[in-house]
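Chemist: Have a peek at target_1.txt (compact mmCIF, C-alpha atoms).
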# COMPACT_ATOMS: atom_id res chain seq x y z
CA MET A 1213 39.36 18.28 4.92
CA GLU A 1214 37.87 20.27 7.81
CA HIS A 1215 37.02 18.57 11.10
CA THR A 1216 33.27 18.82 10.39
CA ASP A 1217 33.80 17.20 6.97
CA ILE A 1218 35.68 14.29 8.57
CA GLU A 1219 32.75 13.75 10.95
CA THR A 1220 30.31 13.87 8.02
CA LEU A 1221 32.51 11.42 6.11
CA GLU A 1222 32.35 9.00 9.04
CA ARG A 1223 28.57 9.40 9.07
CA LEU A 1224 28.38 8.61 5.34
CA HIS A 1225 30.54 5.51 5.82
CA ALA A 1226 28.27 4.28 8.63
CA ALA A 1227 25.16 5.05 6.56
CA HIS A 1228 26.64 3.09 3.63
CA GLY A 1229 26.91 -0.03 5.78
CA ALA A 1230 23.36 0.43 7.09
CA LEU A 1231 22.02 0.95 3.56
CA ARG A 1232 23.66 -2.23 2.27
CA GLU A 1233 22.22 -4.15 5.21
CA GLN A 1234 18.66 -2.86 4.67
CA ILE A 1235 18.74 -3.35 0.88
CA GLY A 1236 20.11 -6.87 1.43
CA LYS A 1237 16.91 -7.80 3.29
CA VAL A 1238 15.03 -7.57 -0.03
CA ILE A 1239 17.66 -7.87 -2.78
CA VAL A 1240 19.72 -11.06 -2.89
CA GLY A 1241 23.24 -10.60 -4.29
CA GLN A 1242 23.78 -7.86 -6.92
CA GLU A 1243 26.32 -6.25 -4.58
CA GLN A 1244 28.22 -4.53 -7.39
CA VAL A 1245 24.98 -3.10 -8.82
CA VAL A 1246 23.89 -1.79 -5.40
CA ARG A 1247 27.32 -0.23 -4.84
CA GLU A 1248 27.25 1.55 -8.20
CA LEU A 1249 23.70 2.80 -7.62
CA LEU A 1250 24.74 4.35 -4.31
CA VAL A 1251 27.94 5.80 -5.80
CA SER A 1252 26.00 7.54 -8.58
CA LEU A 1253 23.33 8.77 -6.12
CA PHE A 1254 25.84 10.39 -3.76
CA ALA A 1255 27.86 11.75 -6.69
CA GLY A 1256 24.69 13.51 -7.88
CA GLY A 1257 24.50 11.58 -11.16
CA HIS A 1258 21.87 9.46 -12.92
CA SER A 1259 22.15 5.81 -13.95
CA LEU A 1260 21.09 3.53 -16.77
CA LEU A 1261 20.35 -0.08 -15.72
CA VAL A 1262 20.76 -2.61 -18.51
CA GLY A 1263 19.70 -6.23 -18.06
CA VAL A 1264 17.24 -8.85 -19.23
CA PRO A 1265 13.71 -8.86 -17.74
CA GLY A 1266 13.10 -10.47 -14.38
CA LEU A 1267 16.31 -9.45 -12.59
CA ALA A 1268 14.48 -7.29 -9.99
CA LYS A 1269 15.66 -3.95 -11.41
CA THR A 1270 12.39 -2.22 -10.47
CA LEU A 1271 12.34 -3.84 -7.03
CA LEU A 1272 15.92 -2.72 -6.41
CA VAL A 1273 15.17 0.92 -7.29
CA SER A 1274 11.99 1.06 -5.18
CA THR A 1275 13.85 -0.57 -2.25
CA VAL A 1276 16.61 2.07 -2.44
CA ALA A 1277 13.94 4.79 -2.36
CA ARG A 1278 12.26 3.19 0.68
CA VAL A 1279 15.39 2.89 2.81
CA LEU A 1280 16.30 6.48 1.94
CA ASP A 1281 12.84 7.86 2.79
CA LEU A 1282 12.51 9.39 -0.68
CA ARG A 1283 9.45 9.93 -2.87
CA PHE A 1284 9.52 7.33 -5.64
CA SER A 1285 7.70 7.31 -8.96
CA ARG A 1286 7.79 4.84 -11.83
CA ILE A 1287 7.14 5.84 -15.43
CA GLN A 1288 6.45 2.96 -17.82
CA PHE A 1289 7.72 4.17 -21.18
CA THR A 1290 5.53 3.09 -24.11
CA PRO A 1291 5.33 4.14 -27.79
CA ASP A 1292 2.27 6.34 -27.09
CA LEU A 1293 3.70 8.14 -24.04
CA MET A 1294 3.60 11.93 -24.41
CA PRO A 1295 6.04 14.48 -22.87
CA THR A 1296 3.22 15.87 -20.70
CA ASP A 1297 2.70 12.36 -19.26
CA ILE A 1298 6.14 12.84 -17.68
CA THR A 1299 6.31 16.54 -16.82
CA GLY A 1300 2.65 17.24 -16.06
CA THR A 1301 -0.09 19.23 -17.73
CA GLU A 1302 -2.33 22.24 -17.24
CA ILE A 1303 -6.02 21.66 -16.63
CA LEU A 1304 -8.87 24.15 -16.78
CA GLU A 1305 -10.91 24.29 -13.61
CA GLU A 1306 -13.47 26.58 -12.03
CA ASP A 1307 -12.36 29.06 -9.35
CA LYS A 1308 -15.13 28.75 -6.73
CA SER A 1309 -14.36 32.16 -5.19
CA THR A 1310 -14.80 34.13 -8.45
CA GLY A 1311 -16.83 31.75 -10.58
CA GLY A 1312 -14.27 32.16 -13.37
CA ARG A 1313 -12.07 29.52 -14.94
CA VAL A 1314 -8.34 29.24 -14.35
CA PHE A 1315 -5.54 26.98 -15.49
CA ARG A 1316 -3.87 24.84 -12.82
CA PHE A 1317 -0.66 22.87 -13.35
CA VAL A 1318 -0.92 19.22 -12.31
CA ARG A 1319 2.55 17.88 -11.64
CA GLY A 1320 3.65 14.74 -13.45
CA PRO A 1321 5.59 11.76 -12.10
CA VAL A 1322 8.94 13.49 -12.71
CA PHE A 1323 8.25 15.50 -9.54
CA ALA A 1324 9.74 12.91 -7.20
CA ASN A 1325 13.13 12.25 -5.61
CA VAL A 1326 13.76 8.91 -7.32
CA VAL A 1327 12.30 8.46 -10.81
CA LEU A 1328 12.39 5.04 -12.47
CA ALA A 1329 12.14 5.44 -16.25
CA ASP A 1330 11.22 1.87 -17.15
CA GLU A 1331 12.21 0.70 -20.66
CA ILE A 1332 13.15 4.21 -21.75
CA ASN A 1333 14.02 2.99 -25.26
CA ARG A 1334 10.38 2.04 -25.96
CA THR A 1335 9.23 5.65 -26.39
CA PRO A 1336 9.92 8.14 -29.24
CA PRO A 1337 12.79 10.66 -28.97
CA LYS A 1338 10.44 13.61 -28.29
CA THR A 1339 9.25 11.97 -25.09
CA GLN A 1340 12.73 10.75 -24.13
CA ALA A 1341 13.90 14.37 -24.44
CA ALA A 1342 11.31 15.47 -21.85
CA LEU A 1343 13.62 13.97 -19.23
CA LEU A 1344 16.70 15.84 -20.52
CA GLN A 1345 16.00 19.24 -18.96
CA ALA A 1346 14.93 17.62 -15.70
CA MET A 1347 18.10 15.48 -15.51
CA GLN A 1348 20.48 18.28 -16.40
CA GLU A 1349 18.92 21.41 -14.89
CA TYR A 1350 16.63 20.03 -12.16
CA GLN A 1351 13.79 22.03 -13.72
CA VAL A 1352 10.68 21.45 -15.81
CA THR A 1353 9.34 24.07 -18.20
CA THR A 1354 5.75 23.84 -19.44
CA ALA A 1355 3.41 26.46 -20.90
CA GLY A 1356 6.10 29.12 -20.39
CA GLU A 1357 6.43 28.44 -16.66
CA THR A 1358 9.50 26.87 -15.04
CA TYR A 1359 9.16 24.65 -11.99
CA ASP A 1360 12.08 23.55 -9.80
CA LEU A 1361 12.48 19.89 -8.90
CA GLU A 1362 13.10 18.96 -5.29
CA ARG A 1363 16.59 17.73 -4.40
CA PRO A 1364 17.81 15.05 -4.34
CA PHE A 1365 16.61 14.19 -7.84
CA TYR A 1366 17.81 10.84 -9.14
CA VAL A 1367 16.78 9.28 -12.46
CA LEU A 1368 17.25 5.55 -13.03
CA ALA A 1369 16.38 4.33 -16.49
CA THR A 1370 16.16 0.70 -17.57
CA GLN A 1371 16.77 -0.73 -21.02
CA ASN A 1372 15.97 -4.23 -22.21
CA PRO A 1373 18.86 -5.57 -24.31
CA ILE A 1374 16.89 -8.47 -25.83
CA GLU A 1375 13.71 -7.17 -27.42
CA GLN A 1376 14.77 -4.68 -30.04
CA GLU A 1377 11.46 -4.66 -31.94
CA GLY A 1378 9.68 -1.33 -31.62
CA THR A 1379 12.49 0.39 -29.73
CA TYR A 1380 14.03 3.82 -30.15
CA PRO A 1381 17.73 3.68 -29.15
CA LEU A 1382 18.78 6.61 -26.97
CA PRO A 1383 20.83 9.21 -28.89
CA GLU A 1384 24.46 9.56 -27.80
CA ALA A 1385 23.75 13.07 -26.48
CA GLN A 1386 21.10 11.69 -24.14
CA LEU A 1387 23.16 8.65 -23.12
CA ASP A 1388 25.91 11.08 -22.11
CA ARG A 1389 23.57 12.57 -19.46
CA PHE A 1390 23.76 9.32 -17.51
CA MET A 1391 26.73 9.08 -15.21
CA PHE A 1392 26.74 5.28 -15.13
CA ASN A 1393 25.64 2.46 -17.39
CA ILE A 1394 25.20 -0.39 -14.89
CA LYS A 1395 25.09 -3.98 -16.15
CA VAL A 1396 22.66 -6.21 -14.25
CA ASP A 1397 23.64 -9.86 -14.76
CA TYR A 1398 21.98 -13.14 -13.81
CA PRO A 1399 22.45 -14.19 -10.16
CA SER A 1400 24.77 -17.04 -9.20
CA ALA A 1401 23.32 -20.52 -8.60
CA ALA A 1402 23.40 -20.05 -4.81
CA GLU A 1403 21.82 -16.58 -5.05
CA GLU A 1404 19.09 -17.85 -7.38
CA LEU A 1405 18.28 -20.65 -4.94
CA THR A 1406 17.93 -18.09 -2.13
CA ILE A 1407 15.76 -15.83 -4.33
CA VAL A 1408 13.34 -18.63 -5.15
CA GLU A 1409 13.18 -19.81 -1.51
CA THR A 1410 12.56 -16.34 -0.03
CA THR A 1411 10.14 -14.99 -2.64
CA THR A 1412 7.72 -17.95 -2.64
CA THR A 1413 6.69 -17.50 1.01
CA GLU A 1414 4.75 -14.85 2.93
CA ARG A 1415 7.99 -13.20 4.02
CA ASP A 1416 7.73 -9.40 3.96
CA PRO A 1417 10.86 -7.89 5.54
CA ALA A 1418 10.47 -4.66 7.49
CA LEU A 1419 12.83 -1.98 6.20
CA GLY A 1420 14.28 0.80 8.32
CA THR A 1421 14.93 4.31 7.01
CA VAL A 1422 18.63 5.21 6.95
CA LEU A 1423 18.82 8.76 5.56
CA SER A 1424 16.41 11.62 4.86
CA ALA A 1425 16.33 13.78 1.71
CA GLY A 1426 18.07 16.67 3.49
CA GLU A 1427 20.87 14.42 4.75
CA ILE A 1428 21.44 13.02 1.25
CA VAL A 1429 21.79 16.54 -0.22
CA GLU A 1430 24.30 17.37 2.54
CA LEU A 1431 26.30 14.20 1.77
CA GLN A 1432 26.23 14.95 -1.97
CA ARG A 1433 27.83 18.31 -1.18
CA LEU A 1434 30.44 16.55 0.95
CA VAL A 1435 31.41 14.32 -2.00
CA ARG A 1436 32.09 17.45 -4.08
CA ARG A 1437 34.42 18.71 -1.32
CA VAL A 1438 36.47 15.50 -1.14
CA PRO A 1439 40.04 16.41 -2.19
CA VAL A 1440 41.62 14.58 -5.10
CA ALA A 1441 45.29 14.42 -6.07
CA GLU A 1442 46.36 15.97 -9.37
CA ARG A 1443 47.79 12.65 -10.60
CA VAL A 1444 44.38 11.00 -10.08
CA VAL A 1445 42.62 13.69 -12.12
CA ALA A 1446 45.33 13.43 -14.79
CA PHE A 1447 44.84 9.65 -14.98
CA ALA A 1448 41.06 10.09 -15.45
CA VAL A 1449 41.61 12.63 -18.25
CA ARG A 1450 44.20 10.42 -20.00
CA LEU A 1451 41.84 7.45 -19.80
CA ALA A 1452 39.00 9.42 -21.42
CA ARG A 1453 41.28 10.88 -24.10
CA ALA A 1454 42.78 7.47 -24.92
CA SER A 1455 39.29 6.23 -25.87
CA ARG A 1456 39.09 8.63 -28.85
CA PRO A 1457 40.24 7.23 -32.21
CA ASP A 1458 42.65 10.04 -33.14
CA ALA A 1459 46.34 10.08 -33.89
CA GLY A 1460 47.52 9.54 -30.32
CA ALA A 1461 45.15 6.69 -29.45
CA PRO A 1462 46.21 3.05 -29.01
CA ASP A 1463 46.00 0.93 -32.18
CA PHE A 1464 43.01 -1.12 -30.94
CA VAL A 1465 41.01 2.08 -30.28
CA ARG A 1466 41.60 3.34 -33.83
CA GLN A 1467 40.68 -0.11 -35.14
CA PHE A 1468 37.43 -0.67 -33.21
CA VAL A 1469 36.06 2.70 -31.97
CA ALA A 1470 33.97 5.10 -34.05
CA TRP A 1471 33.49 7.73 -31.30
CA GLY A 1472 35.22 7.95 -27.94
CA ALA A 1473 34.25 9.45 -24.59
CA GLY A 1474 33.84 13.22 -24.26
CA PRO A 1475 35.00 15.52 -21.44
CA ARG A 1476 31.98 14.58 -19.30
CA ALA A 1477 33.53 11.11 -18.92
CA GLY A 1478 36.54 12.60 -17.11
CA GLN A 1479 34.24 14.58 -14.81
CA TYR A 1480 32.23 11.48 -13.92
CA LEU A 1481 35.34 9.34 -13.44
CA VAL A 1482 36.61 11.79 -10.81
CA LEU A 1483 33.19 12.33 -9.19
CA GLY A 1484 32.54 8.58 -9.09
CA ALA A 1485 35.97 7.95 -7.56
CA LYS A 1486 35.30 10.63 -4.91
CA ALA A 1487 31.89 9.12 -4.04
CA LEU A 1488 33.29 5.58 -3.88
CA ALA A 1489 36.11 6.64 -1.57
CA ALA A 1490 33.69 8.62 0.65
CA LEU A 1491 31.23 5.71 0.92
CA GLU A 1492 34.10 3.47 2.03
CA GLY A 1493 35.23 6.03 4.63
CA ARG A 1494 38.44 7.10 2.86
CA PRO A 1495 39.31 10.85 2.82
CA ALA A 1496 40.58 10.90 -0.80
CA PRO A 1497 40.29 8.68 -3.89
CA GLY A 1498 43.16 6.86 -5.57
CA LEU A 1499 43.81 5.43 -9.03
CA ASP A 1500 42.05 2.18 -8.10
CA ASP A 1501 38.84 4.14 -7.52
CA ILE A 1502 39.07 5.55 -11.06
CA ARG A 1503 39.60 2.01 -12.38
CA ALA A 1504 36.66 0.71 -10.34
CA VAL A 1505 34.15 3.18 -11.82
CA ALA A 1506 35.65 3.27 -15.35
CA PRO A 1507 33.56 0.43 -16.89
CA SER A 1508 30.22 1.98 -15.87
CA VAL A 1509 31.32 5.49 -16.88
CA LEU A 1510 32.75 4.52 -20.28
CA ARG A 1511 30.49 1.62 -21.33
CA HIS A 1512 27.85 3.83 -23.00
CA ARG A 1513 30.31 6.48 -24.19
CA LEU A 1514 32.34 4.25 -26.52
CA VAL A 1515 30.64 3.82 -29.88
CA THR A 1516 32.13 0.76 -31.57
CA ASN A 1517 32.43 0.50 -35.36
CA PHE A 1518 31.74 -2.24 -37.91
CA ASN A 1519 35.12 -3.89 -37.32
CA ALA A 1520 34.26 -4.42 -33.65
CA GLU A 1521 30.86 -5.84 -34.54
CA ALA A 1522 32.37 -8.19 -37.13
CA GLU A 1523 34.98 -9.50 -34.66
CA GLY A 1524 32.67 -9.62 -31.63
CA VAL A 1525 34.59 -6.95 -29.70
CA SER A 1526 32.39 -5.22 -27.08
CA ALA A 1527 32.78 -1.87 -25.33
CA ASP A 1528 33.64 -3.76 -22.12
CA ASP A 1529 36.48 -5.58 -23.93
CA LEU A 1530 37.88 -2.25 -25.09
CA ILE A 1531 37.60 -0.69 -21.61
CA ALA A 1532 39.53 -3.62 -20.11
CA ARG A 1533 42.27 -3.11 -22.71
CA LEU A 1534 42.30 0.65 -22.04
CA LEU A 1535 42.74 0.08 -18.30
CA ALA A 1536 45.66 -2.25 -19.04
CA THR A 1537 47.22 0.18 -21.53
CA VAL A 1538 46.82 3.55 -19.79
CA VAL A 1539 49.20 3.48 -16.83
CA GLU A 1540 50.03 6.06 -14.19
Could you spell out this file's structure in C-alpha cells?
Modeler:
Amino acid sequence: MEHTDIETLERLHAAHGALREQIGKVIVGQEQVVRELLVSLFAGGHSLLVGVPGLAKTLLVSTVARVLDLRFSRIQFTPDLMPTDITGTEILEEDKSTGGRVFRFVRGPVFANVVLADEINRTPPKTQAALLQAMQEYQVTTAGETYDLERPFYVLATQNPIEQEGTYPLPEAQLDRFMFNIKVDYPSAAEELTIVETTTTERDPALGTVLSAGEIVELQRLVRRVPVAERVVAFAVRLARASRPDAGAPDFVRQFVAWGAGPRAGQYLVLGAKALAALEGRPAPGLDDIRAVAPSVLRHRLVTNFNAEAEGVSADDLIARLLATVVE
C-alpha cells in the first residue's frame, strides 16, 4: 500500500471507533449487527436485516445515517406500493414564463444516501424490482430518462420472519444483490434491562457526526485498493464452490442443498474481508476475515431442499459445517 493509503487506513480505523461510540449512545448491544452494517457500507454493498419486530432495526439504520451525516429515507413496503412510489414520478405543471405546460420529474425516496426498505417482502415483485436497477447500477430510469443516484448509496432492507401471511418472498436473483443477510437476534437479559431503563425516560443523546458523504466514498475506494493474498482469494472461491451440490461437493451439501452460492458470493467474501480488515486497521485480510463474513454472505445464497426442512437443518448449520470442512 502507498503511504497515503496507510494514512487513510489509519483514519478509517479511528473513524470506526468513533462510529461505534456514537451508535452505542442510542443502540444497546447488537455489536455484531453494527459491525456487519459498517463492513457492508464501506465495502460498497447492500444489506438485508432479518429479525422479529421490535428489535430497533429502523432506529439502528437511522442512527447510522445520522452519525455519518447522510440523507436518510424510509420506504414502508405495502401490497399497494407502486414502482413510482420508490423512484419518483413526472407531474404536469404550468411554466409561468411561457404559460405552457411541462412535465417535471419529482424524485422519489430512493434519491437518498441511506434507504431503508422496510418489510420489503410485503410488496409485489414488480415493485421490489424497482430497487434492482438502483442497487446495481446506481441509476433510476423513468419515462425514458436516466437519473444518477448520489454516492454513497446504501440500501438496507428488512424482512419479518414471523408473519408470512400476505408476503412475497424475494426471488433468488434479487436476494443475490444483497451483500449481507444480517440476523438481528433478541438482546441479552442485561442489554434488555438497559434498553428498558434508558428508553422510558426523557433521555435524548446528542450524536456527533463522524464522516461526510465525500469521505465515505473515499474510504470505499480505499477498501477496493486493500491488497489480498492469493491464498485468501482461493479460500473464498473454494468456500463458495463447496456450497454447490455437484459431484465435488461434501456429502452434506449434496444431501441438504438445492442451489448453492454463485460467483458473486466469492466477490463479496473477499470484499467483506477487505472492509473488515480495513475497519480494524489491518493492511490486508486473512482467512479469519473470510470466515467472519461467511455466514452473512452465504446465509441467503444457500437454498435448502426438502431433506433439510424435514430434518430441521438450517442454512446457518450448513455454513458452520462448510467452514469446518473447507480448510486452507
Chemist: Tell me which residues come within 6 Å of (20.2, 2.9, -18.5), as a list in words, counting all atoms listed in the file in the file's coordinates.
Modeler: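 Residues with an atom close enough to that point: Ser1259, Leu1260, Leu1261, Val1262, Ala1369, Thr1370, Gln1371 and Asn1393 of chain A.
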Chemist: I'd like the contact shell of range 1283-1291 of chain A - 6 Å cut-off, all atoms listed in the file, skipping same-chain residues fewer than 3 positions apart - returned as a PDB file with C-alpha atoms, in the coordinates of the input.
Modeler:
ATOM      1  CA  PRO A1321       5.590  11.760 -12.100  1.00  0.00           C
ATOM      2  CA  ALA A1324       9.740  12.910  -7.200  1.00  0.00           C
ATOM      3  CA  ASN A1325      13.130  12.250  -5.610  1.00  0.00           C
ATOM      4  CA  VAL A1326      13.760   8.910  -7.320  1.00  0.00           C
ATOM      5  CA  VAL A1327      12.300   8.460 -10.810  1.00  0.00           C
ATOM      6  CA  LEU A1328      12.390   5.040 -12.470  1.00  0.00           C
ATOM      7  CA  ALA A1329      12.140   5.440 -16.250  1.00  0.00           C
ATOM      8  CA  ASP A1330      11.220   1.870 -17.150  1.00  0.00           C
ATOM      9  CA  GLU A1331      12.210   0.700 -20.660  1.00  0.00           C
ATOM     10  CA  ILE A1332      13.150   4.210 -21.750  1.00  0.00           C
ATOM     11  CA  ARG A1334      10.380   2.040 -25.960  1.00  0.00           C
ATOM     12  CA  THR A1335       9.230   5.650 -26.390  1.00  0.00           C
TER      13      THR A1335
END
Chemist: Work out how far apart CA of Ala1255 in chain A and CA of Leu1483 in chain A are and give it in Å to one decimal.
Modeler: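 Between these atoms lies a distance of 5.9 Å.
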Chemist: Between A:Ser1252, A:Thr1354, A:Gln1432, A:Thr1411, which is the closest to Val1509 in chain A once you count only C-alpha atoms?
Modeler: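 Using only C-alpha atoms, Val1509 in chain A sits closest to A:Ser1252.
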Chemist: Work out how far apart CA of Val1264 in chain A and CA of Asn1372 in chain A are and give it in Å to one decimal.
Modeler: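 Interatomic distance here is 5.6 Å.
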Chemist: Have a look at A:Leu1382, A:Val1465, A:Leu1431, A:Ala1341 and name the one nearest to Met1294 in chain A; count only C-alpha atoms.
Modeler: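 Of A:Leu1382, A:Val1465, A:Leu1431, A:Ala1341, the one nearest Met1294 in chain A, counting only C-alpha atoms, is A:Ala1341.
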Chemist: Which polymer residues have any atom within 8 Å of an atom of Ala1230 in chain A, counting only C-alpha atoms, with same-chain residues fewer than 4 positions away left out, as a compact mmCIF listing (two decimals) with C-alpha atoms, keeping the file's coordinate frame?
Modeler:
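As a result, result34.txt now contains:
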# COMPACT_ATOMS: atom_id res chain seq x y z
CA ALA A 1226 28.27 4.28 8.63
CA GLN A 1234 18.66 -2.86 4.67
CA VAL A 1422 18.63 5.21 6.95
Chemist: What is the distance, in Å and to one decimal place, between CA of Tyr1350 in chain A and CA of Val1245 in chain A?
Modeler: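 These atoms are spaced 24.8 Å apart.
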Chemist: Would you please work out which residue, of A:Leu1221, A:Ile1298, A:Leu1530, A:Ala1473, is nearest to Glu1384 in chain A when using all atoms listed in the file?
Modeler: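 Nearest candidate to Glu1384 in chain A out of A:Leu1221, A:Ile1298, A:Leu1530, A:Ala1473: A:Ala1473.
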Chemist: Which one of A:Val1440, A:Val1322, A:Ile1303, A:Leu1534 sits closest to Gln1345 in chain A if you count all atoms listed in the file?
Modeler: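 Of the candidates, the smallest distance to Gln1345 in chain A is held by A:Val1322.
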Chemist: What lies within 10 Å of Leu1535 in chain A using only C-alpha atoms, ignoring chain neighbours under 2 positions off, as a list in words?
Modeler: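 Near Leu1535 in chain A, the qualifying residues are Leu1451, Ala1454, Ile1502, Arg1503, Ala1506, Pro1507, Leu1530, Ile1531, Ala1532, Arg1533, Thr1537, Val1538 and Val1539 of chain A.
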Chemist: Counting only C-alpha atoms, which residues have an atom no more than 12 Å from (23.0, 15.8, 5.2) in the file's coordinates? Please list them as a PyMOL selection string.
Modeler: chain A and resi 1216-1217+1219-1221+1223-1224+1227+1254+1280+1363-1364+1422-1435
Chemist: Extract, using all atoms listed in the file, all DNA, RNA and protein residues at most 9 Å from Ala1346 in chain A, discarding same-chain residues fewer than 2 positions from it, and format them as a PyMOL selection string.
Modeler: chain A and resi 1299+1322+1342-1344+1348-1353+1360-1361+1365
Chemist: Considering only C-alpha atoms, state which residue in the set A:Glu1492, A:Arg1513, A:Lys1237, A:Thr1406 is at the smallest distance from Gln1386 in chain A.
Modeler: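 So, comparing all the options, the nearest one is A:Arg1513.
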Chemist: Do a neighbour search on Gly1493 in chain A at 7 Å with all atoms listed in the file, toss out local chain neighbours closer than 3 positions, and write the hits as a list in words.
Modeler: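 The residues satisfying every condition are Leu1221, Glu1222, His1225, Ala1489 and Ala1490 of chain A.
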Chemist: Please produce a file of those selected residues containing C-alpha atoms, as a CSV table (one decimal), keeping the file's coordinate frame.
Modeler:
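Result file follows (out.csv):
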chain,number,residue,atom,x,y,z
A,1221,LEU,CA,32.5,11.4,6.1
A,1222,GLU,CA,32.4,9.0,9.0
A,1225,HIS,CA,30.5,5.5,5.8
A,1489,ALA,CA,36.1,6.6,-1.6
A,1490,ALA,CA,33.7,8.6,0.6
Chemist: Give the answer as one residue: which of A:His1258, A:Arg1278, A:Arg1316, A:Lys1395 has the shortest atom-to-atom distance to Tyr1366 in chain A, using only C-alpha atoms?
Modeler: A:His1258
